[in-house]
Structure formats: structure tokens, C-alpha cells
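Asks: Following this line is input03.tsv, made up of TSV, C-alpha atoms:
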```
chain	number	residue	atom	x	y	z
A	1	MET	CA	128.11	65.93	58.55
A	2	SER	CA	130.70	68.67	58.15
A	3	LEU	CA	130.08	71.84	60.11
A	4	LEU	CA	129.70	75.27	58.51
A	5	LYS	CA	132.76	77.33	59.41
A	6	VAL	CA	132.08	80.94	60.36
A	7	GLY	CA	133.95	83.93	61.73
A	8	ILE	CA	132.87	86.93	63.76
A	9	ALA	CA	134.40	90.39	63.47
A	10	GLY	CA	133.37	92.72	66.27
A	11	ALA	CA	132.61	90.07	68.86
A	12	SER	CA	133.52	92.14	71.92
A	13	GLY	CA	130.29	94.21	72.01
A	14	TYR	CA	126.94	93.11	73.38
A	15	GLY	CA	125.57	92.14	69.96
A	16	GLY	CA	128.74	90.29	69.01
A	17	GLY	CA	128.84	88.50	72.34
A	18	GLU	CA	125.24	87.36	71.99
A	19	LEU	CA	125.99	86.22	68.45
A	20	LEU	CA	128.92	84.13	69.71
A	21	ARG	CA	126.79	82.60	72.47
A	22	LEU	CA	124.02	81.57	70.07
A	23	LEU	CA	126.44	80.21	67.47
A	24	LEU	CA	128.08	78.03	70.10
A	25	PHE	CA	124.69	76.34	70.58
A	26	HIS	CA	124.04	75.89	66.86
A	27	PRO	CA	124.34	72.18	65.95
A	28	LYS	CA	125.57	72.80	62.38
A	29	VAL	CA	128.12	75.59	62.91
A	30	GLN	CA	131.76	75.81	63.96
A	31	VAL	CA	133.09	79.22	65.02
A	32	VAL	CA	136.71	79.26	63.85
A	33	HIS	CA	137.53	82.97	64.27
A	34	VAL	CA	136.43	85.39	66.99
A	35	ALA	CA	137.78	88.90	66.47
A	36	GLY	CA	137.39	91.33	69.34
A	37	GLU	CA	139.11	94.29	67.66
A	38	ASN	CA	140.02	96.47	70.68
A	39	ARG	CA	139.94	93.38	72.95
A	40	ALA	CA	142.23	91.32	70.70
A	41	GLY	CA	144.62	89.09	72.63
A	42	GLU	CA	142.31	88.70	75.63
A	43	LEU	CA	140.70	85.41	76.61
A	44	VAL	CA	137.08	85.12	75.52
A	45	GLU	CA	136.08	84.19	79.07
A	46	SER	CA	137.67	87.41	80.39
A	47	VAL	CA	135.65	89.51	77.93
A	48	PHE	CA	132.45	87.49	78.44
A	49	PRO	CA	132.43	85.67	81.79
A	50	HIS	CA	129.32	83.69	80.78
A	51	LEU	CA	131.24	82.04	77.89
A	52	PRO	CA	133.85	79.67	79.38
A	53	LEU	CA	136.16	79.63	76.35
A	54	SER	CA	139.91	79.60	76.88
A	55	SER	CA	140.65	80.76	73.32
A	56	ARG	CA	141.85	84.30	72.69
A	57	MET	CA	140.15	86.99	70.68
A	58	GLU	CA	141.79	87.93	67.39
A	59	LYS	CA	141.90	91.09	65.33
A	60	HIS	CA	140.66	90.70	61.77
A	61	PRO	CA	143.49	91.47	59.32
A	62	ILE	CA	142.92	94.74	57.47
A	63	ASP	CA	144.56	93.57	54.27
A	64	GLU	CA	143.55	89.94	53.72
A	65	PRO	CA	140.47	87.76	54.31
A	66	TRP	CA	140.22	84.68	56.47
A	67	ASN	CA	140.56	81.71	54.12
A	68	ASP	CA	138.76	79.02	56.10
A	69	ILE	CA	135.22	80.40	56.53
A	70	LYS	CA	132.01	80.38	54.50
A	71	ILE	CA	130.19	83.10	56.45
A	72	LEU	CA	131.57	86.25	58.05
A	73	PHE	CA	129.41	87.96	60.67
A	74	THR	CA	130.31	91.60	61.25
A	75	ALA	CA	129.14	93.54	64.31
A	76	LEU	CA	131.14	96.71	63.85
A	77	PRO	CA	130.57	100.49	64.00
A	78	ALA	CA	129.45	102.38	60.91
A	79	GLY	CA	132.05	102.40	58.16
A	80	GLU	CA	133.97	99.34	59.38
A	81	SER	CA	131.98	96.36	58.07
A	82	GLY	CA	132.17	97.67	54.51
A	83	LYS	CA	135.96	97.64	54.64
A	84	LEU	CA	135.96	93.96	55.53
A	85	ALA	CA	133.26	93.14	52.97
A	86	ARG	CA	135.52	94.58	50.27
A	87	LEU	CA	138.23	92.08	51.24
A	88	TYR	CA	135.84	89.21	50.48
A	89	ARG	CA	134.45	90.54	47.20
A	90	ASP	CA	136.07	87.76	45.14
A	91	ARG	CA	135.47	85.01	47.68
A	92	ASP	CA	132.66	82.51	48.05
A	93	VAL	CA	131.81	83.95	51.45
A	94	HIS	CA	128.54	85.45	52.66
A	95	ILE	CA	128.72	88.64	54.73
A	96	ILE	CA	126.03	89.01	57.38
A	97	ASP	CA	126.34	92.51	58.81
A	98	LEU	CA	124.75	93.50	62.11
A	99	GLY	CA	125.96	97.08	61.55
A	100	PRO	CA	124.52	99.83	59.33
A	101	ASP	CA	126.86	99.80	56.31
A	102	PHE	CA	124.48	98.03	53.90
A	103	ARG	CA	121.04	99.08	55.15
A	104	PHE	CA	120.67	101.84	52.56
A	105	ARG	CA	120.52	101.31	48.81
A	106	SER	CA	122.66	104.34	47.91
A	107	HIS	CA	125.99	105.45	49.28
A	108	GLN	CA	124.74	109.06	49.18
A	109	ARG	CA	121.92	108.21	51.60
A	110	PHE	CA	124.31	106.38	53.90
A	111	SER	CA	126.62	109.40	53.89
A	112	GLU	CA	123.75	111.77	54.69
A	113	VAL	CA	122.68	109.72	57.70
A	114	TYR	CA	126.08	108.64	59.08
A	115	LYS	CA	128.13	111.69	58.08
A	116	MET	CA	130.91	109.69	56.44
A	117	PRO	CA	131.69	108.31	52.99
A	118	HIS	CA	130.60	104.75	52.36
A	119	PRO	CA	133.58	102.36	52.57
A	120	TYR	CA	132.38	99.99	49.84
A	121	PRO	CA	129.69	101.60	47.63
A	122	GLU	CA	130.09	98.92	44.93
A	123	GLY	CA	128.89	96.34	47.44
A	124	LEU	CA	125.49	97.96	47.89
A	125	SER	CA	124.17	96.34	44.71
A	126	GLU	CA	124.90	92.92	46.23
A	127	ALA	CA	123.22	93.66	49.56
A	128	THR	CA	119.76	92.67	50.77
A	129	TYR	CA	117.86	94.08	53.74
A	130	SER	CA	117.56	91.01	55.94
A	131	LEU	CA	114.23	91.32	57.72
A	132	VAL	CA	113.68	87.61	57.28
A	133	GLU	CA	109.89	87.32	57.55
A	134	TRP	CA	109.52	89.85	54.74
A	135	ASN	CA	112.45	89.20	52.44
A	136	ARG	CA	113.25	85.47	52.40
A	137	LYS	CA	113.51	85.02	48.63
A	138	ALA	CA	116.01	87.85	48.19
A	139	ILE	CA	118.01	86.74	51.26
A	140	LYS	CA	118.44	83.27	49.82
A	141	ASN	CA	120.19	84.66	46.72
A	142	SER	CA	122.27	87.49	48.22
A	143	ARG	CA	125.96	87.59	49.14
A	144	ILE	CA	125.73	90.50	51.57
A	145	LEU	CA	122.95	90.66	54.14
A	146	ALA	CA	122.17	93.80	56.11
A	147	CYS	CA	120.43	92.94	59.36
A	148	PRO	CA	118.01	95.70	60.38
A	149	GLY	CA	118.60	97.79	63.45
A	150	CYS	CA	116.70	96.81	66.58
A	151	TYR	CA	114.26	99.73	66.45
A	152	PRO	CA	113.45	99.18	62.74
A	153	THR	CA	112.89	95.47	63.40
A	154	GLY	CA	110.31	96.19	66.08
A	155	THR	CA	108.61	98.87	63.98
A	156	LEU	CA	108.57	97.06	60.65
A	157	MET	CA	107.23	93.81	62.05
A	158	GLY	CA	104.19	95.70	63.35
A	159	LEU	CA	103.71	98.10	60.45
A	160	LEU	CA	104.42	96.16	57.26
A	161	PRO	CA	101.14	94.18	57.13
A	162	PHE	CA	99.26	97.49	56.88
A	163	VAL	CA	101.70	98.88	54.34
A	164	GLN	CA	101.53	95.74	52.23
A	165	GLU	CA	97.72	95.80	52.21
A	166	GLY	CA	97.63	99.49	51.25
A	167	LEU	CA	95.61	100.43	54.33
A	168	LEU	CA	97.53	103.50	55.49
A	169	LYS	CA	95.91	106.87	54.95
A	170	LYS	CA	97.77	108.59	52.13
A	171	GLY	CA	99.97	111.41	53.31
A	172	SER	CA	99.45	110.68	56.99
A	173	GLN	CA	102.26	110.54	59.49
A	174	ILE	CA	103.29	107.48	61.48
A	175	PHE	CA	104.40	108.06	65.06
A	176	ILE	CA	106.83	105.56	66.56
A	177	ASP	CA	107.56	105.52	70.28
A	178	GLY	CA	110.46	103.11	70.92
A	179	LYS	CA	111.75	102.05	74.34
A	180	SER	CA	115.01	100.11	74.51
A	181	GLY	CA	117.10	98.47	77.17
A	182	VAL	CA	120.54	99.91	77.85
A	183	SER	CA	122.39	97.16	75.96
A	184	GLY	CA	121.06	98.75	72.77
A	185	ALA	CA	123.47	101.64	73.34
A	186	GLY	CA	126.48	99.35	73.08
A	187	ARG	CA	129.18	98.38	75.52
A	188	GLY	CA	131.19	101.58	75.44
A	189	LEU	CA	131.29	103.63	78.63
A	190	THR	CA	129.34	106.90	78.52
A	191	LEU	CA	127.74	109.14	81.11
A	192	ASP	CA	124.30	108.63	79.55
A	193	THR	CA	124.44	104.87	80.17
A	194	HIS	CA	126.21	105.06	83.55
A	195	PHE	CA	124.13	103.16	86.13
A	196	PRO	CA	123.39	106.10	88.48
A	197	GLU	CA	122.29	108.15	85.47
A	198	ILE	CA	119.74	105.65	84.13
A	199	ALA	CA	118.53	103.72	87.18
A	200	GLU	CA	114.94	104.51	88.21
A	201	SER	CA	114.58	106.92	85.30
A	202	MET	CA	113.51	107.06	81.66
A	203	LYS	CA	114.28	109.60	78.97
A	204	SER	CA	113.96	110.18	75.26
A	205	TYR	CA	116.95	110.86	73.06
A	206	LYS	CA	117.41	112.16	69.52
A	207	PRO	CA	113.68	112.78	68.92
A	208	PHE	CA	112.93	112.97	65.17
A	209	SER	CA	116.67	112.76	64.43
A	210	HIS	CA	117.71	109.20	65.30
A	211	ARG	CA	119.47	107.34	62.46
A	212	HIS	CA	116.99	104.48	62.58
A	213	GLY	CA	114.17	106.78	61.41
A	214	PRO	CA	115.53	107.10	57.84
A	215	GLU	CA	116.31	103.37	57.89
A	216	MET	CA	112.64	102.59	58.61
A	217	GLU	CA	111.48	104.82	55.77
A	218	GLU	CA	113.99	103.32	53.35
A	219	ALA	CA	113.08	99.75	54.31
A	220	ILE	CA	109.37	100.37	53.77
A	221	GLU	CA	110.06	101.92	50.38
A	222	CYS	CA	112.30	98.98	49.48
A	223	LEU	CA	109.87	96.27	50.63
A	224	ALA	CA	106.55	97.92	49.74
A	225	GLY	CA	107.43	100.26	46.89
A	226	PHE	CA	106.45	103.64	48.33
A	227	ARG	CA	107.59	106.06	51.02
A	228	VAL	CA	105.90	106.90	54.27
A	229	ASN	CA	106.58	109.72	56.70
A	230	ILE	CA	107.80	108.39	60.06
A	231	LEU	CA	108.24	110.45	63.21
A	232	PHE	CA	110.40	108.39	65.53
A	233	VAL	CA	111.25	109.08	69.18
A	234	PRO	CA	113.45	106.52	70.98
A	235	HIS	CA	113.64	106.20	74.76
A	236	LEU	CA	116.18	104.63	77.08
A	237	ILE	CA	114.70	102.51	79.86
A	238	PRO	CA	116.52	101.08	82.89
A	239	VAL	CA	116.61	97.41	81.88
A	240	ASN	CA	119.46	95.43	80.34
A	241	ARG	CA	117.64	94.05	77.31
A	242	GLY	CA	114.29	94.30	75.58
A	243	LEU	CA	112.61	96.70	73.17
A	244	LEU	CA	108.99	97.85	73.12
A	245	SER	CA	107.72	99.72	70.04
A	246	SER	CA	104.41	101.62	70.12
A	247	LEU	CA	103.11	102.55	66.66
A	248	TYR	CA	100.37	105.12	66.07
A	249	PHE	CA	98.92	105.64	62.58
A	250	THR	CA	95.72	106.29	60.65
A	251	LEU	CA	93.99	104.01	58.15
A	252	GLU	CA	92.05	105.12	55.07
A	253	LYS	CA	88.70	104.23	56.67
A	254	ASP	CA	87.15	103.00	59.90
A	255	TRP	CA	87.90	99.36	60.65
A	256	LYS	CA	86.55	96.82	63.08
A	257	GLU	CA	89.29	95.47	65.30
A	258	GLU	CA	88.40	91.89	64.35
A	259	ASP	CA	88.99	92.67	60.67
A	260	VAL	CA	92.36	94.26	61.37
A	261	TRP	CA	93.39	91.19	63.35
A	262	ASN	CA	92.58	89.13	60.26
A	263	VAL	CA	95.04	91.28	58.30
A	264	MET	CA	97.73	90.60	60.89
A	265	LYS	CA	96.94	86.87	60.89
A	266	LYS	CA	97.17	86.74	57.11
A	267	TYR	CA	100.87	87.54	57.36
A	268	TYR	CA	101.87	86.04	60.68
A	269	GLN	CA	99.68	83.16	61.80
A	270	ASP	CA	102.08	80.61	60.27
A	271	GLU	CA	105.26	82.37	61.41
A	272	THR	CA	107.07	80.41	64.12
A	273	GLY	CA	108.86	83.51	65.33
A	274	VAL	CA	105.77	85.72	65.71
A	275	TYR	CA	103.48	85.68	68.74
A	276	LEU	CA	100.16	87.46	68.19
A	277	THR	CA	98.66	88.38	71.53
A	278	GLU	CA	95.47	90.25	72.43
A	279	LYS	CA	97.00	91.52	75.65
A	280	PRO	CA	99.62	94.25	75.46
A	281	PRO	CA	103.03	92.67	74.83
A	282	SER	CA	105.86	93.01	77.29
A	283	THR	CA	109.57	92.50	76.90
A	284	ALA	CA	109.32	89.68	79.46
A	285	MET	CA	107.34	87.68	76.86
A	286	VAL	CA	110.30	87.56	74.50
A	287	ARG	CA	113.41	88.07	76.64
A	288	GLY	CA	116.22	85.85	75.40
A	289	THR	CA	114.26	84.62	72.37
A	290	ASN	CA	114.07	85.26	68.63
A	291	ARG	CA	110.32	85.91	68.80
A	292	THR	CA	108.33	89.07	68.08
A	293	ALA	CA	105.22	89.66	70.19
A	294	ILE	CA	102.57	91.81	68.46
A	295	SER	CA	99.26	93.25	69.63
A	296	LEU	CA	96.87	95.90	68.28
A	297	ARG	CA	93.90	98.13	69.11
A	298	MET	CA	91.56	100.08	66.84
A	299	GLU	CA	89.40	103.15	67.38
A	300	GLY	CA	87.65	104.04	64.14
A	301	SER	CA	90.44	104.69	61.66
A	302	ALA	CA	93.10	105.15	64.38
A	303	ALA	CA	95.40	102.16	64.79
A	304	PHE	CA	97.66	101.37	67.72
A	305	VAL	CA	100.12	98.50	67.32
A	306	GLU	CA	102.67	97.34	69.87
A	307	THR	CA	105.59	94.99	69.35
A	308	ALA	CA	108.11	93.55	71.78
A	309	ILE	CA	111.45	91.97	70.90
A	310	ASP	CA	114.71	91.15	72.60
A	311	ASN	CA	116.98	93.83	71.14
A	312	LEU	CA	120.05	91.55	71.27
A	313	VAL	CA	118.37	88.48	69.75
A	314	LYS	CA	115.63	89.27	67.23
A	315	GLY	CA	116.99	92.84	67.10
A	316	ALA	CA	120.54	91.72	66.31
A	317	ALA	CA	122.26	88.34	66.74
A	318	GLY	CA	119.19	86.13	66.38
A	319	GLN	CA	118.11	87.76	63.15
A	320	ALA	CA	121.63	87.28	61.78
A	321	ILE	CA	121.53	83.56	62.57
A	322	GLN	CA	118.00	83.32	61.17
A	323	SER	CA	119.39	84.84	57.96
A	324	MET	CA	122.23	82.30	57.92
A	325	ASN	CA	119.72	79.47	58.27
A	326	VAL	CA	117.79	80.78	55.26
A	327	ILE	CA	120.97	80.96	53.16
A	328	GLN	CA	121.87	77.40	54.07
A	329	GLY	CA	118.37	76.02	53.49
A	330	TRP	CA	118.12	74.89	57.13
A	331	GLU	CA	115.09	75.11	59.38
A	332	GLU	CA	114.78	78.84	59.92
A	333	MET	CA	114.85	78.89	63.70
A	334	GLU	CA	117.48	76.19	64.14
A	335	GLY	CA	119.84	77.01	66.99
A	336	LEU	CA	117.67	79.93	68.12
A	337	PRO	CA	115.87	80.11	71.48
A	338	MET	CA	112.09	80.37	71.24
A	339	ILE	CA	111.36	80.05	74.95
A	340	GLY	CA	112.87	82.65	77.23
A	341	ALA	CA	113.85	82.86	80.88
A	342	PHE	CA	111.62	84.43	83.52
A	343	PRO	CA	111.96	86.37	85.70
```
Let's see the structure in the file written out as C-alpha cells.
Replies:
Amino acid sequence: MSLLKVGIAGASGYGGGELLRLLLFHPKVQVVHVAGENRAGELVESVFPHLPLSSRMEKHPIDEPWNDIKILFTALPAGESGKLARLYRDRDVHIIDLGPDFRFRSHQRFSEVYKMPHPYPEGLSEATYSLVEWNRKAIKNSRILACPGCYPTGTLMGLLPFVQEGLLKKGSQIFIDGKSGVSGAGRGLTLDTHFPEIAESMKSYKPFSHRHGPEMEEAIECLAGFRVNILFVPHLIPVNRGLLSSLYFTLEKDWKEEDVWNVMKKYYQDETGVYLTEKPPSTAMVRGTNRTAISLRMEGSAAFVETAIDNLVKGAAGQAIQSMNVIQGWEEMEGLPMIGAFP
């Protein structure tokens, strides 16, 4: 059996490094290009000491595509993945983007949120929002896949069953409290993520103004057909990886908790990557895996849903590989860890 040849652009960050690690374990994939952009020329093992590879990181050419790949994974800052996607517009190559360039349907909306012009607006019509459990059919037939951000993944996995069933109270607001490990902030050095600044402390940041808030609203409109009003407050917590999302919203009428669980089971009981748990989920349940742990509580018409994911796996690299598996018609979780490490 010939292996699927893939390349990674932006492999020097946490998400790109996790993507490389998981792809090296995939039995049907060969990684033939690893571009580290600002780390180009360095040995992979010097950038990631847990990956004993003696090859050197490249820099993706800005004016020509790689000719020997079928899938390009991009894990780049806003505005950069679109430039590379343009290079491959006439090639039989799928783009799987872990960045934000193709998460919105209009270049105007992207520009409003990211304060820059879109680098490849023509490509938006070819892009699909790649939340796999909710968009498999479209993913299978798309050339450009936009992997959701980590916060939207955690939120949407818990909220979409209620949206899809039309249970949300019309006009009500949805409050999202997200708590992410420090790796979600990227590998760049900043005072806010400096160890003495974050250790033994927690804090919110960008309340009601984080860029993932509009992404959540757009994704719900795209997948369910109508808009909701989300109030999103992210928090930084002093752990390396993991993301806990607490969702608070109101239903149209009072519900018994057992009946709401049946709604959740309707969508997820046959999903390998979803763990429905009656006890509150923790990031330890899913650390290092591509699983989503979900729990819920009801009080009359008030709903409280919690989800836990690994922000670097299901929230980034794992979801990208899951998308690749769908494109290729392989078993969806092939090459992806479903059992984590503890402690």
C-alpha cells in the first residue's frame, strides 16, 4: 500500500508540533515536508525534543507549491494560510487549515474580526467548516477545510444538539465560560504567559471581545441556519493543555434532565470520539486524546452543559487528522489516540 504524502506549514508551534507527532504515528501517512517558518534550518529534534528526527525544518516557498504532496496542513497565523492555499488553487491538493483564514464565509467578516484583508477571498467558496461530527458530508467533498478553533470546538460540541432540535429560547443569550491551558496561547514568548505570571493564578482575557465568539456564532448559523447571541469569556488556567467549556442557556420550556440526556444521546451515543458522562467532565478525562467529554444539568428551563477537550488534539491537530481520514474514506479515528495518559 502506498502512503499518503503530506506536508506541514507552520510546524514549529504547539499545534503544528502536535500535528507532526500524531502524523508520525499514522499508519497510512508519510510526512515529506515539515516547514517551521521562523525555525527553518533547525533540526526537528532541537525544536521538539520529544520528536527524535534528525531532519531539518524547511520554509515553505512563497511563490511555488510543493509538488509531491496530496494534503497540505497549515498551522499559521491569520492571513498566512490563505497565501499558501492560493498557490495550490490549480492543484489536486487538499488544504487542511488549523488557522482562522477560512472559518468565515465572507472576506468582509474575516476582515472585521482579524483587522486585515483576506489573503485569498476566492477560496472561501471552496472551504468547509471542519467540525467533523457535524459536517462529514460537506468535508468529504471539499478542497479546503477550516478546522475550528479550540474554544469553538468545545462550545459547539455541547451546544449544537440543542440548536439542531430547536430547543433554545428565541432571543435568549448564551453564556460561554471557557478555560484553556497555556498552550492555547501559542509558543511565542509574552509576559501574560510567562511562568511566574500564570502559575497559581487564573484570569479572564478579552471578555465579550475574543475572536472565537464571532466564529461560534457564524458556525451555528452555517450548520443550523439561524443566528444566536453568544457572550463568551475565555480564561487562562495554569496547566499546559486542556480546555473546559461551561455553557449556560435557556430552553423554550421546562425539561426533565432525563429527556435532555436523550437529546444528547440522539446525536452522540454512536460517536466514537464523544464521551457522555453524568459526572462533571475534567480535562484529565481527555488529555492527549481526540475525545470530547460532555455532561449536563437541568433546572427547569435553565440548561448547564460542560465539555472537556484537549486543546491541542481535538481542539487542533487531532481534528485536522480526523478531517483527513474523512477525506480519504479511512476509519475516522485512525492514527488518533483515544486513551490518554494519567496523571
Asks: When you count all atoms listed in the file, which of these residues is closest to A:Ala75: A:Met216, A:Val305, A:Ala9, A:Met116?
Replies: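 Result for the nearest residue to A:Ala75: A:Ala9.
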Asks: Out of A:His118, A:Arg21, A:Lys256, A:Arg136, which residue has the shortest atom-to-atom distance to A:Leu312 when counting only C-alpha atoms?
Replies: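 The closest residue to A:Leu312 is A:Arg21.
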Asks: Measure the distance from atom CA of A:Gln319 to atom CA of A:Ser204 in Å and round it to one decimal.
Replies: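 One can read the atom CA of A:Gln319 to atom CA of A:Ser204 distance as 25.8 Å.
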Asks: Please indicate the distance in Å from atom CA of A:Gly315 to atom CA of A:Met57, rounded to one decimal place.
Replies: 24.2 Å
Asks: Could you check the closest approach to A:Glu221 for each of A:Lys59, A:Arg105, A:Lys28, A:Lys5 and tell me which residue wins, using only C-alpha atoms?
Replies: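 Closest to A:Glu221, using only C-alpha atoms: A:Arg105.
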Asks: Excluding same-chain residues fewer than 5 positions from A:Ala224, what lies within 12 Å of it counting all atoms listed in the file, as a PDB file with C-alpha atoms, in the coordinates of the input?
Replies:
```pdb
ATOM      1  CA  TRP A 134     109.520  89.850  54.740  1.00  0.00           C
ATOM      2  CA  ASN A 135     112.450  89.200  52.440  1.00  0.00           C
ATOM      3  CA  LEU A 156     108.570  97.060  60.650  1.00  0.00           C
ATOM      4  CA  LEU A 159     103.710  98.100  60.450  1.00  0.00           C
ATOM      5  CA  LEU A 160     104.420  96.160  57.260  1.00  0.00           C
ATOM      6  CA  PRO A 161     101.140  94.180  57.130  1.00  0.00           C
ATOM      7  CA  PHE A 162      99.260  97.490  56.880  1.00  0.00           C
ATOM      8  CA  VAL A 163     101.700  98.880  54.340  1.00  0.00           C
ATOM      9  CA  GLN A 164     101.530  95.740  52.230  1.00  0.00           C
ATOM     10  CA  GLU A 165      97.720  95.800  52.210  1.00  0.00           C
ATOM     11  CA  GLY A 166      97.630  99.490  51.250  1.00  0.00           C
ATOM     12  CA  MET A 216     112.640 102.590  58.610  1.00  0.00           C
ATOM     13  CA  GLU A 217     111.480 104.820  55.770  1.00  0.00           C
ATOM     14  CA  GLU A 218     113.990 103.320  53.350  1.00  0.00           C
ATOM     15  CA  ALA A 219     113.080  99.750  54.310  1.00  0.00           C
TER      16      ALA A 219
END
```
Asks: So how many Å separate atom CA of A:Gly273 and atom CA of A:Thr289, to one decimal?
Replies: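 Separation of atom CA of A:Gly273 and atom CA of A:Thr289: 8.9 Å.
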Asks: Go through A:Glu215, A:Asp270, A:Glu278, A:Glu332 one by one, measure the shortest atom-to-atom distance of each to A:Glu112 using only C-alpha atoms, and give the residue with the smallest value.
Replies: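 Comparing A:Glu215, A:Asp270, A:Glu278, A:Glu332 against A:Glu112, the winner is A:Glu215.
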Asks: Which residue gives the smallest distance to A:Lys70 among A:Gln328, A:Ser125, A:Thr193, A:Ser183, with only C-alpha atoms counted?
Replies: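 Using only C-alpha atoms, the shortest distance to A:Lys70 belongs to A:Gln328.
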Asks: Determine the nearest neighbour of A:Ile174 from the options A:Ala303, A:Thr292, A:Cys150, A:Arg89, counting only C-alpha atoms.
Replies: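 Residue with the minimum atom-to-atom distance to A:Ile174: A:Ala303.
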Asks: Please identify all polymer residues within 7 Å of A:Ile144, counting all atoms listed in the file, omitting same-chain residues fewer than 5 positions from it, and present them as a PDB file with C-alpha atoms, keeping the file's coordinate frame.
Replies:
```
ATOM      1  CA  HIS A  94     128.540  85.450  52.660  1.00  0.00           C
ATOM      2  CA  ILE A  95     128.720  88.640  54.730  1.00  0.00           C
ATOM      3  CA  ILE A  96     126.030  89.010  57.380  1.00  0.00           C
ATOM      4  CA  GLU A 126     124.900  92.920  46.230  1.00  0.00           C
ATOM      5  CA  ALA A 127     123.220  93.660  49.560  1.00  0.00           C
ATOM      6  CA  THR A 128     119.760  92.670  50.770  1.00  0.00           C
TER       7      THR A 128
END
```
Asks: Excluding A:Ser81 and any residue of its chain fewer than 3 positions from it, enumerate the residues within 12 Å of it, using all atoms listed in the file, and give them as a PDB file with C-alpha atoms, keeping the file's coordinate frame.
Replies:
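What landed in result_16.pdb:
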```pdb
ATOM      1  CA  ILE A   8     132.870  86.930  63.760  1.00  0.00           C
ATOM      2  CA  ALA A   9     134.400  90.390  63.470  1.00  0.00           C
ATOM      3  CA  GLY A  10     133.370  92.720  66.270  1.00  0.00           C
ATOM      4  CA  HIS A  60     140.660  90.700  61.770  1.00  0.00           C
ATOM      5  CA  ILE A  62     142.920  94.740  57.470  1.00  0.00           C
ATOM      6  CA  LEU A  72     131.570  86.250  58.050  1.00  0.00           C
ATOM      7  CA  PHE A  73     129.410  87.960  60.670  1.00  0.00           C
ATOM      8  CA  THR A  74     130.310  91.600  61.250  1.00  0.00           C
ATOM      9  CA  ALA A  75     129.140  93.540  64.310  1.00  0.00           C
ATOM     10  CA  LEU A  76     131.140  96.710  63.850  1.00  0.00           C
ATOM     11  CA  PRO A  77     130.570 100.490  64.000  1.00  0.00           C
ATOM     12  CA  ALA A  78     129.450 102.380  60.910  1.00  0.00           C
ATOM     13  CA  LEU A  84     135.960  93.960  55.530  1.00  0.00           C
ATOM     14  CA  ALA A  85     133.260  93.140  52.970  1.00  0.00           C
ATOM     15  CA  ARG A  86     135.520  94.580  50.270  1.00  0.00           C
ATOM     16  CA  LEU A  87     138.230  92.080  51.240  1.00  0.00           C
ATOM     17  CA  TYR A  88     135.840  89.210  50.480  1.00  0.00           C
ATOM     18  CA  ILE A  95     128.720  88.640  54.730  1.00  0.00           C
ATOM     19  CA  ILE A  96     126.030  89.010  57.380  1.00  0.00           C
ATOM     20  CA  ASP A  97     126.340  92.510  58.810  1.00  0.00           C
ATOM     21  CA  LEU A  98     124.750  93.500  62.110  1.00  0.00           C
ATOM     22  CA  GLY A  99     125.960  97.080  61.550  1.00  0.00           C
ATOM     23  CA  PRO A 100     124.520  99.830  59.330  1.00  0.00           C
ATOM     24  CA  ASP A 101     126.860  99.800  56.310  1.00  0.00           C
ATOM     25  CA  PHE A 102     124.480  98.030  53.900  1.00  0.00           C
ATOM     26  CA  ARG A 103     121.040  99.080  55.150  1.00  0.00           C
ATOM     27  CA  HIS A 118     130.600 104.750  52.360  1.00  0.00           C
ATOM     28  CA  PRO A 119     133.580 102.360  52.570  1.00  0.00           C
ATOM     29  CA  TYR A 120     132.380  99.990  49.840  1.00  0.00           C
ATOM     30  CA  PRO A 121     129.690 101.600  47.630  1.00  0.00           C
ATOM     31  CA  GLY A 123     128.890  96.340  47.440  1.00  0.00           C
ATOM     32  CA  ILE A 144     125.730  90.500  51.570  1.00  0.00           C
ATOM     33  CA  LEU A 145     122.950  90.660  54.140  1.00  0.00           C
ATOM     34  CA  ALA A 146     122.170  93.800  56.110  1.00  0.00           C
TER      35      ALA A 146
END
```
Asks: Near A:Ser201, within 10 Å and counting all atoms listed in the file, which residues show up once chain neighbours fewer than 5 positions away are dropped, as an MDAnalysis selection string?
Replies: chainID A and resid 196 236:238
